[in-house]
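K.L.:
You'll find final_8.pdb just under this line, and it carries PDB, C-alpha atoms.
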ATOM      1  CA  GLU A   1       0.000   0.000   0.000  1.00  0.00           C
ATOM      2  CA  GLU A   2       2.822   2.403   0.842  1.00  0.00           C
ATOM      3  CA  GLY A   3       4.409   1.587  -2.523  1.00  0.00           C
ATOM      4  CA  ARG A   4       1.178   2.360  -4.378  1.00  0.00           C
ATOM      5  CA  ASP A   5       0.763   5.653  -2.455  1.00  0.00           C
ATOM      6  CA  LEU A   6       4.349   6.610  -3.281  1.00  0.00           C
ATOM      7  CA  ALA A   7       3.782   5.791  -6.960  1.00  0.00           C
ATOM      8  CA  ARG A   8       0.657   7.979  -7.037  1.00  0.00           C
ATOM      9  CA  LEU A   9       2.573  10.820  -5.365  1.00  0.00           C
ATOM     10  CA  ASN A  10       5.435  10.518  -7.850  1.00  0.00           C
ATOM     11  CA  ALA A  11       2.977  10.582 -10.756  1.00  0.00           C
ATOM     12  CA  THR A  12       1.310  13.707  -9.337  1.00  0.00           C
ATOM     13  CA  LEU A  13       4.665  15.467  -8.872  1.00  0.00           C
ATOM     14  CA  GLN A  14       5.765  14.568 -12.394  1.00  0.00           C
ATOM     15  CA  TYR A  15       2.534  16.058 -13.778  1.00  0.00           C
ATOM     16  CA  GLN A  16       3.066  19.253 -11.761  1.00  0.00           C
ATOM     17  CA  ILE A  17       6.648  19.529 -13.045  1.00  0.00           C
ATOM     18  CA  GLN A  18       5.410  19.214 -16.629  1.00  0.00           C
ATOM     19  CA  GLU A  19       2.761  21.864 -15.959  1.00  0.00           C
ATOM     20  CA  LEU A  20       5.370  24.248 -14.516  1.00  0.00           C
ATOM     21  CA  ASN A  21       7.674  23.691 -17.489  1.00  0.00           C
ATOM     22  CA  SER A  22       4.755  24.404 -19.842  1.00  0.00           C
ATOM     23  CA  LEU A  23       3.920  27.656 -18.009  1.00  0.00           C
ATOM     24  CA  LYS A  24       7.570  28.735 -18.053  1.00  0.00           C
ATOM     25  CA  ALA A  25       7.748  28.089 -21.800  1.00  0.00           C
ATOM     26  CA  GLN A  26       4.589  30.171 -22.296  1.00  0.00           C
ATOM     27  CA  ILE A  27       6.040  33.039 -20.242  1.00  0.00           C
ATOM     28  CA  ASP A  28       9.300  32.910 -22.228  1.00  0.00           C
ATOM     29  CA  ARG A  29       7.297  32.962 -25.477  1.00  0.00           C
ATOM     30  CA  LEU A  30       5.276  36.018 -24.402  1.00  0.00           C
ATOM     31  CA  GLU A  31       8.378  37.879 -23.208  1.00  0.00           C
ATOM     32  CA  ASP A  32      10.041  37.172 -26.553  1.00  0.00           C
ATOM     33  CA  LEU A  33       6.893  38.048 -28.544  1.00  0.00           C
ATOM     34  CA  PHE A  34       6.411  41.403 -26.804  1.00  0.00           C
ATOM     35  CA  ASN A  35      10.123  42.089 -26.250  1.00  0.00           C
ATOM     36  CA  LEU A  36       9.530  42.394 -22.515  1.00  0.00           C
ATOM     37  CA  PRO A  37      12.143  42.408 -19.783  1.00  0.00           C
ATOM     38  CA  SER A  38      11.823  39.546 -17.360  1.00  0.00           C
ATOM     39  CA  LEU A  39       8.983  40.484 -15.008  1.00  0.00           C
ATOM     40  CA  PRO A  40       8.619  37.707 -12.441  1.00  0.00           C
ATOM     41  CA  SER A  41       5.975  39.607 -10.455  1.00  0.00           C
ATOM     42  CA  TYR A  42       3.694  40.213 -13.462  1.00  0.00           C
ATOM     43  CA  GLN A  43       1.502  37.994 -15.601  1.00  0.00           C
ATOM     44  CA  ALA A  44       0.704  39.017 -19.189  1.00  0.00           C
ATOM     45  CA  GLU A  45      -2.870  38.775 -20.501  1.00  0.00           C
ATOM     46  CA  VAL A  46      -2.768  39.032 -24.298  1.00  0.00           C
ATOM     47  CA  ALA A  47      -5.802  40.566 -26.036  1.00  0.00           C
ATOM     48  CA  ARG A  48      -6.834  41.775 -29.478  1.00  0.00           C
ATOM     49  CA  ILE A  49      -7.962  45.355 -30.062  1.00  0.00           C
ATOM     50  CA  GLY A  50     -11.654  45.558 -30.891  1.00  0.00           C
ATOM     51  CA  ARG A  51     -12.085  49.331 -31.261  1.00  0.00           C
ATOM     52  CA  ARG A  52      -9.793  52.327 -31.682  1.00  0.00           C
ATOM     53  CA  ASP A  53     -10.643  55.993 -31.017  1.00  0.00           C
ATOM     54  CA  THR A  54      -7.751  58.376 -31.666  1.00  0.00           C
ATOM     55  CA  HIS A  55      -9.519  61.294 -33.354  1.00  0.00           C
ATOM     56  CA  GLY A  56     -10.308  63.482 -30.351  1.00  0.00           C
ATOM     57  CA  TRP A  57      -9.198  64.300 -26.839  1.00  0.00           C
ATOM     58  CA  TRP A  58      -9.781  60.697 -25.790  1.00  0.00           C
ATOM     59  CA  GLN A  59      -6.923  58.690 -27.237  1.00  0.00           C
ATOM     60  CA  GLU A  60      -8.147  55.203 -26.419  1.00  0.00           C
ATOM     61  CA  ILE A  61      -8.560  51.616 -27.543  1.00  0.00           C
ATOM     62  CA  THR A  62     -11.038  48.967 -26.431  1.00  0.00           C
ATOM     63  CA  ILE A  63     -10.364  45.249 -26.094  1.00  0.00           C
ATOM     64  CA  VAL A  64     -12.917  42.447 -25.845  1.00  0.00           C
ATOM     65  CA  LYS A  65     -11.795  41.186 -22.457  1.00  0.00           C
ATOM     66  CA  GLY A  66     -12.922  42.555 -19.105  1.00  0.00           C
ATOM     67  CA  LYS A  67     -13.962  41.384 -15.674  1.00  0.00           C
ATOM     68  CA  ASN A  68     -14.586  37.950 -17.162  1.00  0.00           C
ATOM     69  CA  PHE A  69     -10.783  37.692 -17.579  1.00  0.00           C
ATOM     70  CA  GLU A  70     -10.001  39.465 -14.270  1.00  0.00           C
ATOM     71  CA  ILE A  71      -8.508  42.519 -15.973  1.00  0.00           C
ATOM     72  CA  PRO A  72      -7.489  44.989 -13.210  1.00  0.00           C
ATOM     73  CA  GLU A  73      -8.088  48.731 -13.416  1.00  0.00           C
ATOM     74  CA  ASN A  74      -5.025  50.989 -13.870  1.00  0.00           C
ATOM     75  CA  ALA A  75      -2.956  48.038 -15.118  1.00  0.00           C
ATOM     76  CA  PRO A  76      -0.062  48.808 -17.490  1.00  0.00           C
ATOM     77  CA  VAL A  77      -0.499  47.843 -21.151  1.00  0.00           C
ATOM     78  CA  VAL A  78       2.473  47.030 -23.398  1.00  0.00           C
ATOM     79  CA  PHE A  79       3.471  45.644 -26.804  1.00  0.00           C
ATOM     80  CA  SER A  80       6.698  44.697 -28.558  1.00  0.00           C
ATOM     81  CA  ASP A  81       7.943  48.313 -28.786  1.00  0.00           C
ATOM     82  CA  GLY A  82       7.175  49.239 -25.173  1.00  0.00           C
ATOM     83  CA  VAL A  83       4.339  51.057 -23.419  1.00  0.00           C
ATOM     84  CA  VAL A  84       0.888  51.217 -25.025  1.00  0.00           C
ATOM     85  CA  GLY A  85      -1.004  52.885 -22.182  1.00  0.00           C
ATOM     86  CA  LYS A  86      -2.976  52.152 -19.036  1.00  0.00           C
ATOM     87  CA  VAL A  87      -6.318  50.514 -18.281  1.00  0.00           C
ATOM     88  CA  ARG A  88      -8.946  53.169 -17.529  1.00  0.00           C
ATOM     89  CA  GLU A  89     -12.256  51.307 -17.347  1.00  0.00           C
ATOM     90  CA  VAL A  90     -13.094  47.624 -16.948  1.00  0.00           C
ATOM     91  CA  ASN A  91     -16.551  46.341 -17.919  1.00  0.00           C
ATOM     92  CA  LEU A  92     -17.885  42.805 -17.907  1.00  0.00           C
ATOM     93  CA  THR A  93     -16.580  41.819 -21.350  1.00  0.00           C
ATOM     94  CA  THR A  94     -14.652  44.910 -22.532  1.00  0.00           C
ATOM     95  CA  THR A  95     -11.825  47.108 -21.254  1.00  0.00           C
ATOM     96  CA  VAL A  96     -11.045  50.717 -22.213  1.00  0.00           C
ATOM     97  CA  ILE A  97      -7.359  51.654 -22.345  1.00  0.00           C
ATOM     98  CA  ASP A  98      -5.942  55.167 -22.385  1.00  0.00           C
ATOM     99  CA  LEU A  99      -3.192  55.274 -25.007  1.00  0.00           C
ATOM    100  CA  ILE A 100       0.174  56.736 -24.099  1.00  0.00           C
ATOM    101  CA  THR A 101      -0.666  59.611 -26.472  1.00  0.00           C
ATOM    102  CA  SER A 102      -3.598  60.642 -24.269  1.00  0.00           C
ATOM    103  CA  PRO A 103      -3.103  63.861 -22.256  1.00  0.00           C
ATOM    104  CA  ASN A 104      -4.523  61.884 -19.311  1.00  0.00           C
ATOM    105  CA  ILE A 105      -1.342  59.790 -19.189  1.00  0.00           C
ATOM    106  CA  ARG A 106       1.361  61.159 -16.904  1.00  0.00           C
ATOM    107  CA  LEU A 107       4.071  58.872 -15.607  1.00  0.00           C
ATOM    108  CA  ALA A 108       7.510  58.937 -14.032  1.00  0.00           C
ATOM    109  CA  ALA A 109      10.316  58.140 -16.458  1.00  0.00           C
ATOM    110  CA  VAL A 110      14.096  58.171 -16.741  1.00  0.00           C
ATOM    111  CA  PHE A 111      16.529  58.451 -19.605  1.00  0.00           C
ATOM    112  CA  GLU A 112      18.398  55.246 -20.282  1.00  0.00           C
ATOM    113  CA  GLY A 113      21.639  55.352 -18.308  1.00  0.00           C
ATOM    114  CA  ASP A 114      20.425  58.098 -15.945  1.00  0.00           C
ATOM    115  CA  LYS A 115      18.623  57.490 -12.631  1.00  0.00           C
ATOM    116  CA  ARG A 116      17.080  60.941 -12.188  1.00  0.00           C
ATOM    117  CA  PRO A 117      13.281  60.914 -12.685  1.00  0.00           C
ATOM    118  CA  VAL A 118      11.581  63.101 -15.291  1.00  0.00           C
ATOM    119  CA  LEU A 119       7.903  63.456 -16.218  1.00  0.00           C
ATOM    120  CA  TYR A 120       6.279  62.068 -19.357  1.00  0.00           C
ATOM    121  CA  GLN A 121       2.885  63.351 -20.543  1.00  0.00           C
ATOM    122  CA  GLY A 122       0.808  62.278 -23.542  1.00  0.00           C
ATOM    123  CA  MET A 123       0.201  64.682 -26.400  1.00  0.00           C
ATOM    124  CA  ILE A 124      -2.442  64.540 -29.133  1.00  0.00           C
ATOM    125  CA  SER A 125      -0.779  64.282 -32.544  1.00  0.00           C
ATOM    126  CA  GLY A 126      -1.963  65.888 -35.752  1.00  0.00           C
ATOM    127  CA  PRO A 127      -3.704  63.859 -38.497  1.00  0.00           C
ATOM    128  CA  PHE A 128      -0.528  63.539 -40.613  1.00  0.00           C
ATOM    129  CA  THR A 129       2.067  63.128 -37.878  1.00  0.00           C
ATOM    130  CA  GLY A 130       3.280  60.144 -35.920  1.00  0.00           C
ATOM    131  CA  PRO A 131       2.358  59.518 -32.280  1.00  0.00           C
ATOM    132  CA  LYS A 132       4.249  61.626 -29.774  1.00  0.00           C
ATOM    133  CA  GLY A 133       4.338  62.874 -26.206  1.00  0.00           C
ATOM    134  CA  SER A 134       6.358  65.324 -24.142  1.00  0.00           C
ATOM    135  CA  VAL A 135       9.003  65.035 -21.452  1.00  0.00           C
ATOM    136  CA  LEU A 136       9.227  67.650 -18.691  1.00  0.00           C
ATOM    137  CA  ASN A 137      11.460  68.512 -15.728  1.00  0.00           C
ATOM    138  CA  VAL A 138      14.633  67.320 -17.451  1.00  0.00           C
ATOM    139  CA  PRO A 139      17.899  68.352 -15.678  1.00  0.00           C
ATOM    140  CA  THR A 140      19.888  70.942 -17.604  1.00  0.00           C
ATOM    141  CA  ASP A 141      23.044  68.838 -17.782  1.00  0.00           C
ATOM    142  CA  ILE A 142      21.381  66.192 -19.969  1.00  0.00           C
ATOM    143  CA  GLN A 143      22.427  66.863 -23.553  1.00  0.00           C
ATOM    144  CA  ILE A 144      20.508  65.413 -26.499  1.00  0.00           C
ATOM    145  CA  ASN A 145      20.568  66.104 -30.229  1.00  0.00           C
ATOM    146  CA  ARG A 146      19.334  64.419 -33.394  1.00  0.00           C
ATOM    147  CA  ASP A 147      22.666  62.673 -33.940  1.00  0.00           C
ATOM    148  CA  HIS A 148      22.561  61.240 -30.413  1.00  0.00           C
ATOM    149  CA  PRO A 149      18.915  60.640 -29.393  1.00  0.00           C
ATOM    150  CA  ARG A 150      18.201  58.998 -26.041  1.00  0.00           C
ATOM    151  CA  ARG A 151      15.666  56.365 -25.069  1.00  0.00           C
ATOM    152  CA  LEU A 152      13.072  57.289 -22.458  1.00  0.00           C
ATOM    153  CA  VAL A 153      11.972  54.381 -20.257  1.00  0.00           C
ATOM    154  CA  THR A 154       9.660  53.825 -17.314  1.00  0.00           C
ATOM    155  CA  SER A 155      11.281  54.433 -13.944  1.00  0.00           C
ATOM    156  CA  GLY A 156       9.267  51.961 -11.884  1.00  0.00           C
ATOM    157  CA  LEU A 157       8.157  54.781  -9.555  1.00  0.00           C
ATOM    158  CA  GLY A 158       4.451  55.120  -8.846  1.00  0.00           C
ATOM    159  CA  GLY A 159       3.773  51.402  -8.613  1.00  0.00           C
ATOM    160  CA  VAL A 160       2.004  51.022 -11.984  1.00  0.00           C
ATOM    161  CA  PHE A 161       4.595  50.443 -14.702  1.00  0.00           C
ATOM    162  CA  PRO A 162       7.590  48.147 -14.164  1.00  0.00           C
ATOM    163  CA  ALA A 163      10.981  49.777 -14.672  1.00  0.00           C
ATOM    164  CA  GLY A 164      12.775  49.611 -18.013  1.00  0.00           C
ATOM    165  CA  LEU A 165       9.872  49.605 -20.498  1.00  0.00           C
ATOM    166  CA  THR A 166      10.429  51.767 -23.568  1.00  0.00           C
ATOM    167  CA  ILE A 167       8.293  54.910 -23.800  1.00  0.00           C
ATOM    168  CA  GLY A 168       9.958  56.533 -26.804  1.00  0.00           C
ATOM    169  CA  TRP A 169      12.959  58.483 -28.053  1.00  0.00           C
ATOM    170  CA  VAL A 170      13.930  62.113 -27.469  1.00  0.00           C
ATOM    171  CA  GLN A 171      15.907  63.924 -30.171  1.00  0.00           C
ATOM    172  CA  LYS A 172      15.934  67.486 -28.840  1.00  0.00           C
ATOM    173  CA  LEU A 173      15.519  69.396 -25.578  1.00  0.00           C
ATOM    174  CA  ASN A 174      14.639  73.057 -24.992  1.00  0.00           C
ATOM    175  CA  ALA A 175      15.386  75.110 -21.893  1.00  0.00           C
ATOM    176  CA  SER A 176      12.409  76.291 -19.827  1.00  0.00           C
ATOM    177  CA  SER A 177      11.732  79.997 -19.354  1.00  0.00           C
ATOM    178  CA  ASP A 178      13.242  79.956 -15.851  1.00  0.00           C
ATOM    179  CA  GLY A 179      16.306  78.004 -16.995  1.00  0.00           C
ATOM    180  CA  LEU A 180      15.954  75.406 -14.236  1.00  0.00           C
ATOM    181  CA  PHE A 181      14.816  72.486 -16.391  1.00  0.00           C
ATOM    182  CA  GLN A 182      14.443  71.343 -19.983  1.00  0.00           C
ATOM    183  CA  SER A 183      11.562  69.852 -21.932  1.00  0.00           C
ATOM    184  CA  GLY A 184      11.180  68.132 -25.254  1.00  0.00           C
ATOM    185  CA  GLU A 185       9.121  66.026 -27.619  1.00  0.00           C
ATOM    186  CA  VAL A 186       9.048  62.247 -27.259  1.00  0.00           C
ATOM    187  CA  ILE A 187       8.847  60.284 -30.510  1.00  0.00           C
ATOM    188  CA  LEU A 188       6.692  57.217 -29.895  1.00  0.00           C
ATOM    189  CA  SER A 189       6.569  54.019 -31.915  1.00  0.00           C
ATOM    190  CA  LYS A 190       4.753  54.494 -35.219  1.00  0.00           C
ATOM    191  CA  ASP A 191       3.292  51.015 -34.726  1.00  0.00           C
ATOM    192  CA  LEU A 192       0.990  52.410 -32.022  1.00  0.00           C
ATOM    193  CA  ASN A 193      -1.388  53.394 -34.824  1.00  0.00           C
ATOM    194  CA  THR A 194      -1.537  49.910 -36.299  1.00  0.00           C
ATOM    195  CA  ILE A 195      -1.109  47.379 -33.481  1.00  0.00           C
ATOM    196  CA  ARG A 196      -3.707  44.619 -33.291  1.00  0.00           C
ATOM    197  CA  GLU A 197      -2.611  42.825 -30.128  1.00  0.00           C
ATOM    198  CA  ILE A 198      -1.480  44.119 -26.747  1.00  0.00           C
ATOM    199  CA  ALA A 199      -0.522  42.607 -23.397  1.00  0.00           C
ATOM    200  CA  ILE A 200      -2.000  43.733 -20.083  1.00  0.00           C
ATOM    201  CA  LEU A 201       0.405  43.228 -17.185  1.00  0.00           C
ATOM    202  CA  ARG A 202      -1.452  41.850 -14.194  1.00  0.00           C
ATOM    203  CA  LYS A 203       0.535  42.142 -10.989  1.00  0.00           C
ATOM    204  CA  MET A 204       0.769  38.865  -9.130  1.00  0.00           C
ATOM    205  CA  GLU A 205       0.192  38.947  -5.398  1.00  0.00           C
ATOM    206  CA  SER A 206       3.196  37.932  -3.340  1.00  0.00           C
ATOM    207  CA  ASP A 207       2.889  35.325  -0.618  1.00  0.00           C
ATOM    208  CA  GLY A 208       4.517  37.685   1.861  1.00  0.00           C
TER     209      GLY A 208
END
Can you give me the file's structure in the form of C-alpha cells?
P.N.:
Amino acid sequence: EEGRDLARLNATLQYQIQELNSLKAQIDRLEDLFNLPSLPSYQAEVARIGRRDTHGWWQEITIVKGKNFEIPENAPVVFSDGVVGKVREVNLTTTVIDLITSPNIRLAAVFEGDKRPVLYQGMISGPFTGPKGSVLNVPTDIQINRDHPRRLVTSGLGGVFPAGLTIGWVQKLNASSDGLFQSGEVILSKDLNTIREIAILRKMESDG
C-alpha cells in the first residue's frame, strides 16, 4: 500500500513539473513576442484590439476582455515596442485603455543610463504626424541632439509600470523659461497606430 501511495505521489509530482515547465515556456514565449524584460511579479494577458478611437481628446482603444478575464483597473499595457497605455475602465466583457498619447497619461520616467526621474505626458498628434508625447522637468546637464537621441523608459516609480519599459525616443531638448529644467518632444513608436494585439500586465500577489 505504501508503494502504491508513493507511486501515485510521484505521478502527481511529475505532472506538476510538466505543468510548470509548460507555463515557463509560455512566459518565455510572451516575453520574446512582446520584447519584454523579465517580469517575475507580473503575468501578461494578451488581447486583441476591438475598437480604436484616436480622433479626439480621448486617445483610447477597447479590447474584448474585461472582468470575465479578471482585468485589473489601472494596469499597465504594453506591446513589442514598449508602453501602449494604461487601463482606464473595466466592464464585464470589454476594457477601455488610455493610449500613451492621451493627455490623461502622466508617468515617471528616466533616460536610459540616468537614474534621475523626469515626467512624461501624452500629447495629441496631428492627423498627418506620428504619435508623440512630451518630457518635462529634465535636468539641464542632460544633452541630447538628433545625432545622439536617447531612449526614455519607465522608472518603476508610482507602482504602476515596471521599470525599463520603452516609452519613446527624445531627439531634442529646450530650456524652460526659468532656466531650471528642460523639456522636449518624445517620438513614440509608429506602430501604435496599427497594433492589433497588446498585453495587459497583471501584478501577481506575493505570498509575503
K.L.:
Please, what distance in Å, to one decimal, runs between atom CA of A:Thr94 and atom CA of A:Ile71?
P.N.:
9.3 Å
K.L.:
May I ask for the distance between atom CA of A:Gly82 and atom CA of A:Ile144, given in Å to one decimal place?
P.N.:
21.0 Å
K.L.:
Starting from the shown file, work through the PyMOL selection byres ((chain A and resi 44) around 8) and note down what comes out as a tab-separated table (two decimals) with C-alpha atoms, in the frame of the given file.
P.N.:
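The result, stored in out38.tsv:
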chain	number	residue	atom	x	y	z
A	30	LEU	CA	5.28	36.02	-24.40
A	42	TYR	CA	3.69	40.21	-13.46
A	43	GLN	CA	1.50	37.99	-15.60
A	45	GLU	CA	-2.87	38.78	-20.50
A	46	VAL	CA	-2.77	39.03	-24.30
A	199	ALA	CA	-0.52	42.61	-23.40
A	200	ILE	CA	-2.00	43.73	-20.08
A	201	LEU	CA	0.40	43.23	-17.18
A	202	ARG	CA	-1.45	41.85	-14.19
K.L.:
Decode the PyMOL selection byres ((chain A and resi 100) around 7) for the given file into explicit residues and return them as a list in words.
P.N.:
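Selected by the PyMOL selection byres ((chain A and resi 100) around 7) in this file: Val84, Gly85, Asp98, Leu99, Thr101, Ser102, Ile105 and Gly122 of chain A.
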K.L.:
Give as number ranges by chain the residues that the PyMOL selection byres ((chain A and resi 47) around 6) matches when applied to the coordinates above.
P.N.:
A: 46, 48, 197-198
K.L.:
Tell me which protein, DNA and RNA residues are within 6 Å of stretch 174-182 of chain A, counting only C-alpha atoms, leaving out same-chain ones fewer than 5 positions away, and put them as a PyMOL selection string.
P.N.:
chain A and resi 137-140
K.L.:
Restricting the calculation to all atoms listed in the file: of A:Gly184, A:Glu112, A:Met123, A:Glu60, which residue gets closest to A:Asn145?
P.N.:
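When distances to A:Asn145 are compared using all atoms listed in the file, the smallest one comes from A:Gly184.
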K.L.:
Please list as a PyMOL selection string every residue within 6 Å of A:Val96, counting only C-alpha atoms and excluding residues in the same chain fewer than 5 positions away.
P.N.:
chain A and resi 61-62+88-89
K.L.:
Could you work out how far atom CA of A:Ile63 lies from atom CA of A:Ala109, giving the answer in Å with one decimal?
P.N.:
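Between atom CA of A:Ala109 and atom CA of A:Ile63 the gap works out to 26.2 Å.
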K.L.:
Taking all atoms listed in the file into account, which of A:Gln59, A:Asn10, A:Asn91, A:Gln143 comes nearest A:Ser125?
P.N.:
A:Gln59
K.L.:
Got a sec: who's within 7 Å of A:Pro149, counting only C-alpha atoms, leaving out chain neighbours fewer than 2 positions off, as a PyMOL selection string?
P.N.:
chain A and resi 144-147+151+169-171
